[in-house]
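A.B. asks: This is work-v9.cif (mmCIF, C-alpha atoms, pLDDT in the B column; chains and numbers go by the auth columns).
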```
data_model
loop_
_atom_site.group_PDB
_atom_site.id
_atom_site.type_symbol
_atom_site.label_atom_id
_atom_site.label_comp_id
_atom_site.label_asym_id
_atom_site.label_seq_id
_atom_site.Cartn_x
_atom_site.Cartn_y
_atom_site.Cartn_z
_atom_site.B_iso_or_equiv
_atom_site.auth_seq_id
_atom_site.auth_asym_id
ATOM 1 C CA ASN A 1 154.441 11.839 -109.822 96.00 801 F
ATOM 2 C CA VAL A 2 157.769 13.429 -108.886 97.00 802 F
ATOM 3 C CA VAL A 3 161.396 12.264 -109.071 97.00 803 F
ATOM 4 C CA PHE A 4 163.855 13.412 -106.397 96.00 804 F
ATOM 5 C CA SER A 5 167.503 12.722 -107.162 96.00 805 F
ATOM 6 C CA LYS A 6 170.639 13.190 -105.082 92.00 806 F
ATOM 7 C CA GLY A 7 172.970 12.544 -108.008 90.00 807 F
ATOM 8 C CA GLY A 8 175.318 9.663 -108.615 89.00 808 F
ATOM 9 C CA PHE A 9 175.736 7.940 -111.963 93.00 809 F
ATOM 10 C CA VAL A 10 172.696 5.674 -111.574 95.00 810 F
ATOM 11 C CA SER A 11 170.423 8.714 -111.303 96.00 811 F
ATOM 12 C CA VAL A 12 171.161 10.169 -114.739 97.00 812 F
ATOM 13 C CA PRO A 13 169.046 7.803 -116.915 97.00 813 F
ATOM 14 C CA VAL A 14 166.193 7.964 -114.384 97.00 814 F
ATOM 15 C CA VAL A 15 166.121 11.766 -114.506 97.00 815 F
ATOM 16 C CA MET A 16 166.302 11.806 -118.299 97.00 816 F
ATOM 17 C CA ALA A 17 163.523 9.210 -118.551 98.00 817 F
ATOM 18 C CA ALA A 18 161.362 11.303 -116.225 97.00 818 F
ATOM 19 C CA LYS A 19 161.719 14.292 -118.537 96.00 819 F
ATOM 20 C CA THR A 20 160.550 12.263 -121.555 97.00 820 F
ATOM 21 C CA ARG A 21 157.474 11.231 -119.519 97.00 821 F
ATOM 22 C CA HIS A 22 156.854 14.863 -118.424 97.00 822 F
ATOM 23 C CA ILE A 23 157.391 13.965 -114.760 98.00 823 F
ATOM 24 C CA PRO A 24 158.752 16.842 -112.618 97.00 824 F
ATOM 25 C CA VAL A 25 162.300 16.311 -111.365 98.00 825 F
ATOM 26 C CA ILE A 26 163.987 17.822 -108.321 97.00 826 F
ATOM 27 C CA ILE A 27 167.722 17.223 -108.030 96.00 827 F
ATOM 28 C CA HIS A 28 169.946 18.045 -105.074 95.00 828 F
ATOM 29 C CA GLU A 29 173.632 18.895 -105.233 93.00 829 F
ATOM 30 C CA SER A 30 175.384 18.246 -101.922 89.00 830 F
ATOM 31 C CA ASP A 31 178.811 19.695 -102.675 87.00 831 F
ATOM 32 C CA LEU A 32 179.788 23.253 -103.457 88.00 832 F
ATOM 33 C CA THR A 33 180.471 22.552 -107.125 88.00 833 F
ATOM 34 C CA PRO A 34 178.136 20.249 -109.089 92.00 834 F
ATOM 35 C CA GLY A 35 179.333 16.726 -109.810 88.00 835 F
ATOM 36 C CA LEU A 36 179.212 15.228 -113.307 92.00 836 F
ATOM 37 C CA ALA A 37 175.944 13.348 -112.779 94.00 837 F
ATOM 38 C CA ASN A 38 174.075 16.467 -111.717 95.00 838 F
ATOM 39 C CA LYS A 39 175.624 18.496 -114.524 95.00 839 F
ATOM 40 C CA LEU A 40 174.188 15.971 -116.975 96.00 840 F
ATOM 41 C CA ALA A 41 170.847 15.931 -115.157 96.00 841 F
ATOM 42 C CA MET A 42 170.294 19.686 -114.837 96.00 842 F
ATOM 43 C CA PRO A 43 168.731 20.231 -118.291 96.00 843 F
ATOM 44 C CA SER A 44 166.074 17.635 -117.393 97.00 844 F
ATOM 45 C CA ALA A 45 165.398 19.048 -113.915 97.00 845 F
ATOM 46 C CA THR A 46 162.520 21.255 -112.837 97.00 846 F
ATOM 47 C CA LYS A 47 164.312 22.482 -109.712 97.00 847 F
ATOM 48 C CA VAL A 48 167.937 22.178 -108.584 97.00 848 F
ATOM 49 C CA CYS A 49 168.543 22.326 -104.822 95.00 849 F
ATOM 50 C CA CYS A 50 171.899 23.061 -103.214 93.00 850 F
ATOM 51 C CA ASN A 51 173.623 23.330 -99.840 89.00 851 F
ATOM 52 C CA PHE A 52 175.844 26.381 -100.296 89.00 852 F
ATOM 53 C CA PRO A 53 175.281 29.986 -101.432 89.00 853 F
ATOM 54 C CA GLU A 54 178.438 29.675 -103.543 91.00 854 F
ATOM 55 C CA THR A 55 176.794 26.910 -105.598 94.00 855 F
ATOM 56 C CA LEU A 56 174.019 29.132 -106.966 95.00 856 F
ATOM 57 C CA PRO A 57 176.123 30.687 -109.795 95.00 857 F
ATOM 58 C CA TYR A 58 176.812 27.169 -111.138 95.00 858 F
ATOM 59 C CA LEU A 59 173.079 26.422 -111.482 96.00 859 F
ATOM 60 C CA PRO A 60 170.397 27.597 -113.928 96.00 860 F
ATOM 61 C CA LYS A 61 169.029 30.731 -112.228 95.00 861 F
ATOM 62 C CA GLU A 62 165.363 29.903 -112.824 96.00 862 F
ATOM 63 C CA LYS A 63 165.792 26.411 -111.305 97.00 863 F
ATOM 64 C CA ALA A 64 168.137 27.048 -108.380 97.00 864 F
ATOM 65 C CA VAL A 65 166.935 26.794 -104.767 95.00 865 F
ATOM 66 C CA LEU A 66 169.175 27.107 -101.682 92.00 866 F
ATOM 67 C CA THR A 67 167.752 24.448 -99.347 90.00 867 F
ATOM 68 C CA GLY A 68 170.590 23.046 -97.292 87.00 868 F
ATOM 69 C CA SER A 69 170.689 19.275 -97.058 86.00 869 F
ATOM 70 C CA PRO A 70 167.769 17.067 -95.997 86.00 870 F
ATOM 71 C CA ILE A 71 169.104 15.209 -92.965 86.00 871 F
ATOM 72 C CA ARG A 72 167.851 12.336 -90.833 86.00 872 F
ATOM 73 C CA GLN A 73 165.294 13.859 -88.492 87.00 873 F
ATOM 74 C CA GLU A 74 165.999 11.341 -85.725 90.00 874 F
ATOM 75 C CA LEU A 75 169.373 13.027 -85.220 92.00 875 F
ATOM 76 C CA LEU A 76 167.513 16.004 -83.783 91.00 876 F
ATOM 77 C CA HIS A 77 166.053 13.937 -80.938 93.00 877 F
ATOM 78 C CA GLY A 78 169.033 12.604 -79.006 95.00 878 F
ATOM 79 C CA ASN A 79 168.986 11.775 -75.309 96.00 879 F
ATOM 80 C CA LYS A 80 171.886 13.149 -73.268 95.00 880 F
ATOM 81 C CA GLN A 81 171.421 10.815 -70.311 94.00 881 F
ATOM 82 C CA ALA A 82 171.268 7.777 -72.622 95.00 882 F
ATOM 83 C CA ALA A 83 174.564 8.881 -74.161 96.00 883 F
ATOM 84 C CA LYS A 84 176.180 9.405 -70.776 93.00 884 F
ATOM 85 C CA ASP A 85 175.136 5.905 -69.696 94.00 885 F
ATOM 86 C CA PHE A 86 176.238 4.404 -73.029 95.00 886 F
ATOM 87 C CA CYS A 87 179.691 5.969 -72.799 94.00 887 F
ATOM 88 C CA GLY A 88 180.083 5.476 -69.060 92.00 888 F
ATOM 89 C CA PHE A 89 180.960 9.135 -68.545 92.00 889 F
ATOM 90 C CA THR A 90 180.619 10.308 -64.945 84.00 890 F
ATOM 91 C CA GLY A 91 182.553 13.593 -64.933 80.00 891 F
ATOM 92 C CA ASP A 92 181.391 17.101 -65.769 89.00 892 F
ATOM 93 C CA LEU A 93 184.135 17.984 -68.258 96.00 893 F
ATOM 94 C CA PRO A 94 182.953 19.128 -71.704 97.00 894 F
ATOM 95 C CA ILE A 95 182.700 16.457 -74.378 97.00 895 F
ATOM 96 C CA LEU A 96 184.558 16.397 -77.700 98.00 896 F
ATOM 97 C CA MET A 97 183.314 13.971 -80.350 97.00 897 F
ATOM 98 C CA VAL A 98 185.743 12.965 -83.094 96.00 898 F
ATOM 99 C CA MET A 99 184.485 11.556 -86.399 93.00 899 F
ATOM 100 C CA GLY A 100 186.823 10.469 -89.168 83.00 900 F
ATOM 101 C CA GLY A 101 184.209 9.449 -91.732 68.00 901 F
ATOM 102 C CA SER A 102 182.747 5.989 -92.313 61.00 902 F
ATOM 103 C CA ILE A 103 186.128 4.242 -92.500 58.00 903 F
ATOM 104 C CA GLY A 104 187.954 6.479 -90.071 61.00 904 F
ATOM 105 C CA SER A 105 191.014 8.616 -90.701 82.00 905 F
ATOM 106 C CA VAL A 106 194.568 7.628 -89.847 87.00 906 F
ATOM 107 C CA TYR A 107 195.591 11.304 -89.736 89.00 907 F
ATOM 108 C CA ILE A 108 192.811 12.321 -87.355 93.00 908 F
ATOM 109 C CA ASN A 109 193.248 9.210 -85.193 93.00 909 F
ATOM 110 C CA ASN A 110 196.987 9.796 -84.839 92.00 910 F
ATOM 111 C CA ALA A 111 196.557 13.482 -84.024 93.00 911 F
ATOM 112 C CA ILE A 112 193.965 12.795 -81.328 94.00 912 F
ATOM 113 C CA ARG A 113 195.981 9.998 -79.793 94.00 913 F
ATOM 114 C CA GLY A 114 199.133 12.096 -79.932 93.00 914 F
ATOM 115 C CA CYS A 115 197.696 14.540 -77.412 94.00 915 F
ATOM 116 C CA ILE A 116 195.201 12.304 -75.627 95.00 916 F
ATOM 117 C CA ASP A 117 196.665 12.783 -72.147 94.00 917 F
ATOM 118 C CA THR A 118 196.615 16.576 -72.396 95.00 918 F
ATOM 119 C CA LEU A 119 193.133 16.639 -73.926 96.00 919 F
ATOM 120 C CA LEU A 120 191.742 14.469 -71.143 96.00 920 F
ATOM 121 C CA THR A 121 192.708 17.052 -68.525 95.00 921 F
ATOM 122 C CA LYS A 122 190.065 19.370 -69.999 96.00 922 F
ATOM 123 C CA TYR A 123 187.672 17.219 -72.063 97.00 923 F
ATOM 124 C CA GLN A 124 185.974 13.843 -72.250 97.00 924 F
ATOM 125 C CA ILE A 125 186.337 12.299 -75.701 97.00 925 F
ATOM 126 C CA ILE A 126 184.093 10.143 -77.895 97.00 926 F
ATOM 127 C CA HIS A 127 186.267 8.819 -80.718 96.00 927 F
ATOM 128 C CA LEU A 128 184.652 7.188 -83.766 95.00 928 F
ATOM 129 C CA CYS A 129 187.857 5.819 -85.214 93.00 929 F
ATOM 130 C CA GLY A 130 186.750 3.479 -88.027 90.00 930 F
ATOM 131 C CA LYS A 131 186.771 -0.263 -88.560 88.00 931 F
ATOM 132 C CA GLY A 132 189.909 -1.980 -87.302 89.00 932 F
ATOM 133 C CA ASN A 133 191.275 1.193 -85.707 91.00 933 F
ATOM 134 C CA LEU A 134 190.548 0.596 -82.020 92.00 934 F
ATOM 135 C CA ASP A 135 193.569 0.833 -79.708 93.00 935 F
ATOM 136 C CA SER A 136 192.965 -1.012 -76.444 92.00 936 F
ATOM 137 C CA THR A 137 196.191 0.341 -74.923 94.00 937 F
ATOM 138 C CA LEU A 138 194.591 3.802 -74.728 94.00 938 F
ATOM 139 C CA ALA A 139 191.535 2.721 -72.724 91.00 939 F
ATOM 140 C CA GLN A 140 191.069 5.049 -69.752 92.00 940 F
ATOM 141 C CA PRO A 141 188.337 7.054 -67.990 93.00 941 F
ATOM 142 C CA GLY A 142 186.982 9.874 -70.119 95.00 942 F
ATOM 143 C CA TYR A 143 188.075 8.354 -73.452 96.00 943 F
ATOM 144 C CA ILE A 144 185.735 5.996 -75.269 96.00 944 F
ATOM 145 C CA GLN A 145 186.407 4.496 -78.710 95.00 945 F
ATOM 146 C CA TYR A 146 183.988 2.979 -81.219 94.00 946 F
ATOM 147 C CA GLU A 147 184.653 1.641 -84.683 91.00 947 F
ATOM 148 C CA TYR A 148 181.254 2.817 -85.885 89.00 948 F
ATOM 149 C CA ILE A 149 178.003 4.019 -84.336 91.00 949 F
ATOM 150 C CA SER A 150 174.521 3.848 -85.829 89.00 950 F
ATOM 151 C CA ASP A 151 171.461 3.907 -83.568 91.00 951 F
ATOM 152 C CA GLU A 152 173.178 5.743 -80.716 95.00 952 F
ATOM 153 C CA LEU A 153 174.623 8.506 -82.907 95.00 953 F
ATOM 154 C CA LYS A 154 171.745 10.884 -82.166 96.00 954 F
ATOM 155 C CA ASP A 155 172.459 10.541 -78.441 97.00 955 F
ATOM 156 C CA LEU A 156 176.198 11.067 -78.894 97.00 956 F
ATOM 157 C CA PHE A 157 175.517 14.235 -80.877 97.00 957 F
ATOM 158 C CA ALA A 158 173.208 15.457 -78.116 97.00 958 F
ATOM 159 C CA ILE A 159 175.848 15.071 -75.435 97.00 959 F
ATOM 160 C CA SER A 160 178.735 16.555 -77.451 97.00 960 F
ATOM 161 C CA ASP A 161 179.812 20.152 -76.840 97.00 961 F
ATOM 162 C CA ILE A 162 182.036 20.350 -79.920 98.00 962 F
ATOM 163 C CA VAL A 163 182.688 17.983 -82.832 98.00 963 F
ATOM 164 C CA LEU A 164 185.750 17.326 -84.980 97.00 964 F
ATOM 165 C CA SER A 165 184.808 15.898 -88.368 96.00 965 F
ATOM 166 C CA ARG A 166 185.712 15.410 -91.997 94.00 966 F
ATOM 167 C CA ALA A 167 183.944 17.874 -94.309 93.00 967 F
ATOM 168 C CA GLY A 168 181.657 15.687 -96.391 89.00 968 F
ATOM 169 C CA ALA A 169 178.506 17.587 -97.320 87.00 969 F
ATOM 170 C CA ASN A 170 176.085 15.404 -95.366 87.00 970 F
ATOM 171 C CA ALA A 171 178.267 15.390 -92.248 91.00 971 F
ATOM 172 C CA ILE A 172 178.663 19.154 -92.065 92.00 972 F
ATOM 173 C CA CYS A 173 174.981 19.778 -92.799 90.00 973 F
ATOM 174 C CA GLU A 174 174.126 17.512 -89.866 92.00 974 F
ATOM 175 C CA LEU A 175 176.423 19.593 -87.659 94.00 975 F
ATOM 176 C CA LEU A 176 174.718 22.744 -88.914 92.00 976 F
ATOM 177 C CA ALA A 177 171.224 21.422 -88.226 91.00 977 F
ATOM 178 C CA LEU A 178 172.320 20.280 -84.764 93.00 978 F
ATOM 179 C CA LYS A 179 173.959 23.666 -84.109 94.00 979 F
ATOM 180 C CA LYS A 180 177.224 22.055 -83.028 96.00 980 F
ATOM 181 C CA PRO A 181 180.418 24.164 -82.921 98.00 981 F
ATOM 182 C CA ASN A 182 182.891 22.199 -84.991 98.00 982 F
ATOM 183 C CA ILE A 183 186.365 21.699 -86.374 98.00 983 F
ATOM 184 C CA LEU A 184 186.540 20.460 -89.962 97.00 984 F
ATOM 185 C CA VAL A 185 189.503 18.538 -91.383 95.00 985 F
ATOM 186 C CA PRO A 186 188.677 18.197 -95.091 94.00 986 F
ATOM 187 C CA LEU A 187 190.090 15.462 -97.271 89.00 987 F
ATOM 188 C CA PRO A 188 193.007 16.980 -99.214 87.00 988 F
ATOM 189 C CA ALA A 189 192.778 17.538 -102.968 79.00 989 F
ATOM 190 C CA ALA A 190 195.449 14.889 -103.540 75.00 990 F
ATOM 191 C CA VAL A 191 193.001 12.106 -102.594 72.00 991 F
ATOM 192 C CA SER A 192 189.696 13.674 -103.684 74.00 992 F
ATOM 193 C CA ARG A 193 188.232 16.106 -106.207 77.00 993 F
ATOM 194 C CA GLY A 194 188.666 18.832 -103.594 83.00 994 F
ATOM 195 C CA ASP A 195 184.978 19.143 -102.744 87.00 995 F
ATOM 196 C CA GLN A 196 185.546 18.786 -98.987 91.00 996 F
ATOM 197 C CA ILE A 197 187.991 21.708 -99.036 94.00 997 F
ATOM 198 C CA LEU A 198 185.413 23.900 -100.775 92.00 998 F
ATOM 199 C CA ASN A 199 182.666 22.737 -98.409 91.00 999 F
ATOM 200 C CA ALA A 200 184.784 23.474 -95.341 95.00 1000 F
ATOM 201 C CA ASN A 201 185.902 26.889 -96.548 94.00 1001 F
ATOM 202 C CA SER A 202 182.293 27.881 -97.227 92.00 1002 F
ATOM 203 C CA PHE A 203 181.345 27.000 -93.653 94.00 1003 F
ATOM 204 C CA LYS A 204 184.427 28.832 -92.363 96.00 1004 F
ATOM 205 C CA LYS A 205 183.506 31.936 -94.370 93.00 1005 F
ATOM 206 C CA GLN A 206 179.977 31.864 -92.956 92.00 1006 F
ATOM 207 C CA GLY A 207 181.315 31.563 -89.406 95.00 1007 F
ATOM 208 C CA PHE A 208 179.978 28.050 -88.821 96.00 1008 F
ATOM 209 C CA SER A 209 183.268 26.125 -88.557 97.00 1009 F
ATOM 210 C CA TYR A 210 186.962 26.188 -87.735 98.00 1010 F
ATOM 211 C CA VAL A 211 188.970 24.610 -90.574 98.00 1011 F
ATOM 212 C CA LEU A 212 192.207 22.708 -89.995 96.00 1012 F
ATOM 213 C CA GLU A 213 193.936 21.406 -93.116 94.00 1013 F
ATOM 214 C CA GLU A 214 195.124 17.815 -92.961 92.00 1014 F
ATOM 215 C CA GLU A 215 198.623 18.876 -94.005 92.00 1015 F
ATOM 216 C CA LYS A 216 198.809 21.053 -90.874 94.00 1016 F
ATOM 217 C CA LEU A 217 197.164 18.542 -88.547 92.00 1017 F
ATOM 218 C CA ASN A 218 199.264 17.466 -85.570 92.00 1018 F
ATOM 219 C CA ALA A 219 198.911 17.274 -81.795 91.00 1019 F
ATOM 220 C CA ASP A 220 199.719 20.973 -81.296 93.00 1020 F
ATOM 221 C CA THR A 221 197.444 22.398 -84.002 95.00 1021 F
ATOM 222 C CA LEU A 222 194.668 20.067 -82.917 95.00 1022 F
ATOM 223 C CA MET A 223 194.908 21.184 -79.283 95.00 1023 F
ATOM 224 C CA ALA A 224 194.846 24.827 -80.360 96.00 1024 F
ATOM 225 C CA ALA A 225 191.799 24.252 -82.575 97.00 1025 F
ATOM 226 C CA VAL A 226 189.848 22.431 -79.861 97.00 1026 F
ATOM 227 C CA HIS A 227 190.531 25.182 -77.304 97.00 1027 F
ATOM 228 C CA GLU A 228 189.670 27.918 -79.811 97.00 1028 F
ATOM 229 C CA VAL A 229 186.328 26.384 -80.765 98.00 1029 F
ATOM 230 C CA TYR A 230 185.302 25.452 -77.240 98.00 1030 F
ATOM 231 C CA ASN A 231 186.215 28.849 -75.787 97.00 1031 F
ATOM 232 C CA ASN A 232 184.290 30.602 -78.572 97.00 1032 F
ATOM 233 C CA ARG A 233 181.453 28.090 -78.839 97.00 1033 F
ATOM 234 C CA ASP A 234 178.776 30.687 -78.182 97.00 1034 F
ATOM 235 C CA SER A 235 179.965 32.780 -81.127 96.00 1035 F
ATOM 236 C CA TYR A 236 179.826 29.751 -83.428 96.00 1036 F
ATOM 237 C CA LYS A 237 176.325 28.883 -82.196 96.00 1037 F
ATOM 238 C CA LYS A 238 175.180 32.462 -82.808 95.00 1038 F
ATOM 239 C CA GLU A 239 176.390 32.370 -86.425 94.00 1039 F
ATOM 240 C CA ILE A 240 174.896 28.912 -87.009 92.00 1040 F
ATOM 241 C CA ALA A 241 171.538 30.143 -85.677 90.00 1041 F
ATOM 242 C CA THR A 242 171.393 32.746 -88.477 87.00 1042 F
ATOM 243 C CA SER A 243 171.682 30.104 -91.218 83.00 1043 F
ATOM 244 C CA ASN A 244 168.784 29.392 -93.586 71.00 1044 F
ATOM 245 C CA GLN A 245 170.496 26.181 -94.716 71.00 1045 F
ATOM 246 C CA SER A 246 169.583 23.969 -91.768 67.00 1046 F
ATOM 247 C CA ASN A 247 165.982 23.093 -92.620 69.00 1047 F
ATOM 248 C CA GLY A 248 166.502 21.168 -95.839 83.00 1048 F
ATOM 249 C CA VAL A 249 163.817 18.536 -95.242 88.00 1049 F
ATOM 250 C CA ASN A 250 160.943 21.015 -94.953 88.00 1050 F
ATOM 251 C CA ILE A 251 162.043 23.070 -97.963 90.00 1051 F
ATOM 252 C CA VAL A 252 162.473 20.002 -100.181 92.00 1052 F
ATOM 253 C CA ILE A 253 159.100 18.579 -99.086 94.00 1053 F
ATOM 254 C CA LYS A 254 157.482 21.939 -99.918 94.00 1054 F
ATOM 255 C CA LEU A 255 158.973 21.778 -103.416 95.00 1055 F
ATOM 256 C CA ILE A 256 157.765 18.194 -103.881 95.00 1056 F
ATOM 257 C CA LYS A 257 154.224 19.147 -102.853 96.00 1057 F
ATOM 258 C CA GLU A 258 154.222 22.124 -105.210 95.00 1058 F
ATOM 259 C CA LEU A 259 155.272 19.987 -108.176 94.00 1059 F
ATOM 260 C CA SER A 260 153.236 16.841 -107.511 88.00 1060 F
#
```
Output the file's structure in the form of structure tokens.
C.D. replies:
Amino acid sequence: NVVFSKGGFVSVPVVMAAKTRHIPVIIHESDLTPGLANKLAMPSATKVCCNFPETLPYLPKEKAVLTGSPIRQELLHGNKQAAKDFCGFTGDLPILMVMGGSIGSVYINNAIRGCIDTLLTKYQIIHLCGKGNLDSTLAQPGYIQYEYISDELKDLFAISDIVLSRAGANAICELLALKKPNILVPLPAAVSRGDQILNANSFKKQGFSYVLEEEKLNADTLMAAVHEVYNNRDSYKKEIATSNQSNGVNIVIKLIKELS
């Protein structure tokens, strides 16, 4: 009755086929500028959803809807005590969670580990460092490393006071929905199409995030960013609370019901 597409090359023929069968199509663009698949799919779409206000001028005006991103609802129901038990944290220091993306980030890992001793005087750290990137020599109270986390991620989010992350669209929309003050280290344009830089700068402009470019990432700039965000966490939360981009699931479901 309805096709919902998040893009990607495999979606294009499905969307076009739906149009020939007069089936309504909703597509969703995660990044600030539309990717090729969604550009090809737009003429066949009934509605085009997006994450960022800056994306709207790139979309057909009569089809565009600012929804934010539909995120996994279980992330909103984390258990702080379960996370504390899982990590073995016993102290009352604030908690910094570090996420380098699904495969980790050498740059982020090195920066964190370069100032680990100083950080641990003020914070407890959950470090999702990526497959094969654990360093057993750094094991100590207050610092816990995981290659990857799945089921427990909702609990780790719940216990975290601030989060350092890459700036993929889904990741930052999860941080927005969870109202987590955050530091974003976007992938540089040299190794991507630059979408993470645009995503991060949009969130910075809206007051949701502190942005630290990878080229400027080191132990000193990282320490300064963490202190800045933690000390001003209430201001970040206040700005995040004003966002109309954090309820993507409900808005998309409403559109589906209207078109089905």
A.B. asks: Run the PyMOL selection byres ((chain F and resi 1000) around 7) mentally over the shown coordinates, then write out the matched residues as an mmCIF file with C-alpha atoms, in the frame of the given file, using the chain letters and numbers from the document.
C.D. replies:
```cif
data_model
loop_
_atom_site.group_PDB
_atom_site.id
_atom_site.type_symbol
_atom_site.label_atom_id
_atom_site.label_comp_id
_atom_site.auth_asym_id
_atom_site.auth_seq_id
_atom_site.Cartn_x
_atom_site.Cartn_y
_atom_site.Cartn_z
ATOM 1 C CA ALA F 967 183.944 17.874 -94.309
ATOM 2 C CA LEU F 984 186.540 20.460 -89.962
ATOM 3 C CA PRO F 986 188.677 18.197 -95.091
ATOM 4 C CA GLN F 996 185.546 18.786 -98.987
ATOM 5 C CA ILE F 997 187.991 21.708 -99.036
ATOM 6 C CA LEU F 998 185.413 23.900 -100.775
ATOM 7 C CA ASN F 999 182.666 22.737 -98.409
ATOM 8 C CA ASN F 1001 185.902 26.889 -96.548
ATOM 9 C CA SER F 1002 182.293 27.881 -97.227
ATOM 10 C CA PHE F 1003 181.345 27.000 -93.653
ATOM 11 C CA LYS F 1004 184.427 28.832 -92.363
ATOM 12 C CA VAL F 1011 188.970 24.610 -90.574
#
```
A.B. asks: Could you tell me, as a PDB file with C-alpha atoms, keeping the file's coordinate frame, exactly which residues end up selected when the PyMOL selection byres ((chain F and resi 1019-1026) around 9) is applied to this structure?
C.D. replies:
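Result file result.pdb:
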```pdb
ATOM      1  CA  LEU F 896     184.558  16.397 -77.700  1.00 98.00           C
ATOM      2  CA  ASN F 910     196.987   9.796 -84.839  1.00 92.00           C
ATOM      3  CA  ALA F 911     196.557  13.482 -84.024  1.00 93.00           C
ATOM      4  CA  ILE F 912     193.965  12.795 -81.328  1.00 94.00           C
ATOM      5  CA  ARG F 913     195.981   9.998 -79.793  1.00 94.00           C
ATOM      6  CA  GLY F 914     199.133  12.096 -79.932  1.00 93.00           C
ATOM      7  CA  CYS F 915     197.696  14.540 -77.412  1.00 94.00           C
ATOM      8  CA  ILE F 916     195.201  12.304 -75.627  1.00 95.00           C
ATOM      9  CA  THR F 918     196.615  16.576 -72.396  1.00 95.00           C
ATOM     10  CA  LEU F 919     193.133  16.639 -73.926  1.00 96.00           C
ATOM     11  CA  ILE F 962     182.036  20.350 -79.920  1.00 98.00           C
ATOM     12  CA  VAL F 963     182.688  17.983 -82.832  1.00 98.00           C
ATOM     13  CA  LEU F 964     185.750  17.326 -84.980  1.00 97.00           C
ATOM     14  CA  ASN F 982     182.891  22.199 -84.991  1.00 98.00           C
ATOM     15  CA  ILE F 983     186.365  21.699 -86.374  1.00 98.00           C
ATOM     16  CA  TYR F1010     186.962  26.188 -87.735  1.00 98.00           C
ATOM     17  CA  VAL F1011     188.970  24.610 -90.574  1.00 98.00           C
ATOM     18  CA  LEU F1012     192.207  22.708 -89.995  1.00 96.00           C
ATOM     19  CA  LYS F1016     198.809  21.053 -90.874  1.00 94.00           C
ATOM     20  CA  LEU F1017     197.164  18.542 -88.547  1.00 92.00           C
ATOM     21  CA  ASN F1018     199.264  17.466 -85.570  1.00 92.00           C
ATOM     22  CA  HIS F1027     190.531  25.182 -77.304  1.00 97.00           C
ATOM     23  CA  GLU F1028     189.670  27.918 -79.811  1.00 97.00           C
ATOM     24  CA  VAL F1029     186.328  26.384 -80.765  1.00 98.00           C
ATOM     25  CA  TYR F1030     185.302  25.452 -77.240  1.00 98.00           C
ATOM     26  CA  ASN F1031     186.215  28.849 -75.787  1.00 97.00           C
TER      27      ASN F1031
END
```
A.B. asks: Please evaluate the PyMOL selection byres ((chain F and resi 861-870) around 6) against the structure above and give the resulting residues as a ChimeraX atom specification.
C.D. replies: /F:847-851,859-860,871,1045-1046,1048-1049
A.B. asks: Just C-alpha atoms for this one: save the residues we selected as a compact mmCIF listing (two decimals), in the frame of the given file.
C.D. replies:
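Final file, part.txt:
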```
# COMPACT_ATOMS: atom_id res chain seq x y z
CA LYS F 847 164.31 22.48 -109.71
CA VAL F 848 167.94 22.18 -108.58
CA CYS F 849 168.54 22.33 -104.82
CA CYS F 850 171.90 23.06 -103.21
CA ASN F 851 173.62 23.33 -99.84
CA LEU F 859 173.08 26.42 -111.48
CA PRO F 860 170.40 27.60 -113.93
CA ILE F 871 169.10 15.21 -92.96
CA GLN F 1045 170.50 26.18 -94.72
CA SER F 1046 169.58 23.97 -91.77
CA GLY F 1048 166.50 21.17 -95.84
CA VAL F 1049 163.82 18.54 -95.24
```
A.B. asks: Give me the residues near Ile827 (chain F) as JSON, numbers by chain, where near means some atom within 12 Å (using all atoms listed in the file) and where sequence neighbours in that chain fewer than 4 positions away do not count.
C.D. replies: {"F": [802, 803, 804, 805, 806, 807, 808, 811, 812, 814, 815, 816, 818, 834, 835, 837, 838, 839, 840, 841, 842, 843, 844, 845, 846, 847, 848, 849, 850, 851, 859, 863, 864, 865, 866, 867, 869, 1052, 1055, 1056]}
A.B. asks: What is the CA of Met899 (chain F)-CA of Arg966 (chain F) distance in Å, reported with one decimal?
C.D. replies: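 So the answer is 6.9 Å.
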A.B. asks: Between CA of Thr1042 (chain F) and CA of Glu974 (chain F), measure the distance and give it in Å to one decimal.
C.D. replies: 15.5 Å
A.B. asks: At a cut-off of 9 Å, can you tabulate as a Markdown table every residue of region 934-1053 of chain F near region 875-891 of chain F together with its closest atom pair and the distance in Å to one decimal, using only C-alpha atoms and ordering rows by chain then number?
C.D. replies:
```
| residue | atom | partner | partner_atom | distance |
| --- | --- | --- | --- | --- |
| F:Pro941 | CA | F:Phe889 | CA | 7.7 |
| F:Gly942 | CA | F:Phe889 | CA | 6.3 |
| F:Tyr943 | CA | F:Phe889 | CA | 8.7 |
| F:Ile944 | CA | F:Cys887 | CA | 6.5 |
| F:Glu952 | CA | F:Ala883 | CA | 7.4 |
| F:Leu953 | CA | F:Leu875 | CA | 7.3 |
| F:Lys954 | CA | F:Leu875 | CA | 4.4 |
| F:Asp955 | CA | F:Gly878 | CA | 4.0 |
| F:Leu956 | CA | F:Ala883 | CA | 5.5 |
| F:Phe957 | CA | F:Gly878 | CA | 6.9 |
| F:Ala958 | CA | F:Gly878 | CA | 5.1 |
| F:Ile959 | CA | F:Lys880 | CA | 4.9 |
| F:Ser960 | CA | F:Lys880 | CA | 8.7 |
| F:Glu974 | CA | F:Leu875 | CA | 8.0 |
| F:Ala977 | CA | F:Leu876 | CA | 7.9 |
| F:Leu978 | CA | F:Leu876 | CA | 6.5 |
```
A.B. asks: For CA of Ile1040 (chain F) and CA of Tyr907 (chain F), quote the distance in Å rounded to one decimal.
C.D. replies: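 Interatomic distance here is 27.3 Å.
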